[in-house]
Each structure stands twice: as structure tokens, then as C-alpha cells.
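Q: After the C-alpha cells below, expect a handful of questions from me.
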Amino acid sequence: DELLKDSAALTTAEAAVYDRQIRVWGVGTQQRLGKARILFIGCTGVAAEACKNVVLAGIGSVTLMDDIRVLNVDPGNFLVHNDVDPNSSIAESSVQVLKEMNPMVSVFSIEGFVDDLNAENLASYQVVIVSGVSFDSQERVNGLCRASGVKFFSSNCFSSCGYFFADLLSHSFTRQAKRTEDHVVASAPAPPKEETLTFNTLQEALSPEVWAHLPRRVSKVYVALSAVRAAERDLGHQAGICDLPLAISKQDQVAQTANLRGKNAPDSSILEEIVSNTTGHPAVAAIVGGFLGQEILKAVSGKNSPLQNFFFFDVNSGDGKIEKMPPS
């Protein structure tokens, strides 16, 4: 059996545990996952869901960085149990649960603050995921990742909506070959062609220069995020609830520039959630984090076309939307 022969490149335990997924994406992909090092900055509900998925898939090592105390844990973070020391950090309290989920994955926690990071700190990772921090911090880490050649994701979740963004630099991948039924004799498939996508930075994706090119049915979450970011550029600091009038004014500018009217008009309630920094709903975090976990695995494995470059979920519309910003 060719599969068993190839599996010899893995340990006996790895081949047994990952047997099903090896049969889907192959030994080479599993080996790439097993060599990858990933850093999660911010242990939010979204990050917890994504982290669980990549650990179960057999990623090589996962490092968590979040100095927030357990007393203030995001309600969507199911990795922190009730019996842990309330004065311990969320990161270190999440490590043991992840180790129990898959003992073959190395899981660590480190101390530090997102704004103290530099390019050298990130250079040893293949992927960095930032969650639950300000736009300033997201854009700054995105720039550091670019300087180090590291793939970048950022995410956030509010009470009724959430999103993640991907900057995979120049990313090469191959598409998964379609499987045939067991009783169908298929001709030898042509070797998959490598494709490449070029990604934008978060700063470029949220720029006001994008507004004139927005599609009529653009995600209302994107419109709100872009408006808040524009307000913050004027303010010079992270927007709060007292800055809601300015954010609404910016959102009106987005709507006017992009000609968003009627059912496509933006929603000020989403703006209010963002500037109020509302706590993410666990169900929203699970959906956004589930998709984020899939995209992290694609980014590491080079298997299948990645999402480019935003994913939004909105409870009010029930929609999960992929938006490329700036639009092609």
C-alpha cells in the first residue's frame, strides 16, 4: 500500500492518529503541518476555536501570548476551566487543555505585550495570529510580519458579528484533486499546477481609497470597520463610545462614496458594538474561529485556494461573507 509506505516518514503514533486526514490530504501535507510553528497573540474566543482546530490537525507547535488574567477571560474561550488559578494568565491556563487535546503537539505560553514585539520576535514562526487588539496593533504586527516574511491573520469578535483578515504575502498553493468513487476507474490525474496569490496589508484593505470601489452588497461589518478605522486616523487613538458620532459621520462618507442605499445602507448598531468594544458572543466566536482555523491550515500546507482576504459573520443577517479588499 503506497499510503502505508509514505506514512513511514511519520512516527507510528502520528500515522495512527492522523490516518483519516492523511488519506484526504497526503503525507507531505501532514509533514508540513508537523514542522510549522504558530503564534497566537490574544487568547480570545475566536483564537481558542482556531487554536483547537490546528492542534487537533497536528500542527508542529503552538505558542500563546496573552498576559490578561483569567478573571477577565473572554466568555468564548472554552480552554480556560473554572478551577484554574484566577491570577494566572489566560495563555498559561489554556496550555494544559490544548496539550490534553493532542499530546503530540508542542504547546507553550510566553509573557509579553503585543506592542513590545519586534520583527526578530516573530521571525521563527510561519504564521502569526493576532486577536482582540486595536487596529493600530493589528497593523503594526502586520508590518512586522511582512518584514520577517511571516504570514499574518488578525481577528476580532463583537456581540453580534466578527471577522478575520489574512495577509499571506505572496502565497503559492495547489488545489486538492477531486476524489472519484471507489467503483469508478479514473485515468491518471495530471499533476496539480501551482498557483500564486498576492495579498494586501490590513492598512491597504481598510484604506478610504477602497470606498469608491466597494460592491453594492459589501458586508456591513466591513463598512463599519473601515469607518471606525478612518475615525481613529483622525483621532490619533483607539475609538471609544464617546467617538461614536465621528464614526457615524465616517460611515456616512463610506455610504455616500460607495453609493450604498436602501437594504445595502450601513448599520450604525454594528459601529456602536465596535467602539464600545463589546464582548464577543461565544457562538459568533465559534463560527469565525472555525473558518480561521481552516485558513491557517491552508496557509501552512499550501493545499487548496486560501480565502482572500476578509471573512465576516453577522448574526443579524445570518451571513458569512468573503470580501477581497481592495476589490479586484
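Ordering of the C-alpha cells sets the chain letters (A, B, ...), residue numbers begin anew at 1 in every chain, and ligands are numbered from 1 in the order given.
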Give me, as a PyMOL selection string, all polymer residues having an atom no more than 12 Å from stretch 67-83 of chain A, counting only C-alpha atoms and skipping those fewer than 6 positions away in the same chain.

A: chain A and resi 41-52+89-101+109-114+131-133+156-159+278-289

Q: At a cut-off of 10 Å, using only C-alpha atoms, what residues contact stretch 204-213 of chain A? Leave out same-chain residues fewer than 4 positions from it and give the result as a list in words.

A: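 So, after excluding close chain neighbours, the residues are Phe135, Glu139, Phe165, Asp167, Phe199, Asn200, Tyr222, Val223, Leu225, Ser226, Ala227, Val228, Arg229, Ala230, Lys250, Gln253, Val254, Ala255, Gln256, Thr257, Ala258, Asn259, Asn309, Phe310, Lys324, Met325, Pro326, Pro327 and Ser328 of chain A.
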
Q: For a quick check of understanding, using only C-alpha atoms, which of A:Thr12, A:Asp66, A:Ile129, A:Val107 has the smallest distance to A:Glu295?

A: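 Looking only at the distances to A:Glu295, the closest residue turns out to be A:Ile129.
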
Q: Pick the closest to A:Asp267 from A:Gln126, A:Ser317, A:Ser154, A:Thr11: which is it, counting only C-alpha atoms?

A: A:Ser317

Q: Run DSSP on the backbone of this structure and report the residues of stretch 136-186 of chain A it assigns to strand (DSSP E or B), as a VMD selection string.

A: chain A and resid 151 to 157 161 to 167 170 to 174

Q: To one decimal in Å, tell me the separation between atom CA of A:Asp116 and atom CA of A:Asp136.

A: 12.9 Å

Q: Closest to A:Val218 among A:Ala265, A:Ala119, A:Ala239, A:Leu33, using only C-alpha atoms?

A: A:Ala265

Q: Looking only at helix (DSSP H, G or I) from DSSP on the backbone, list the matching residues of stretch 59-240 of chain A as a ChimeraX atom specification.

A: /A:70-72,90-101,114-116,119-122,135-148,202-205,208-213,220-235
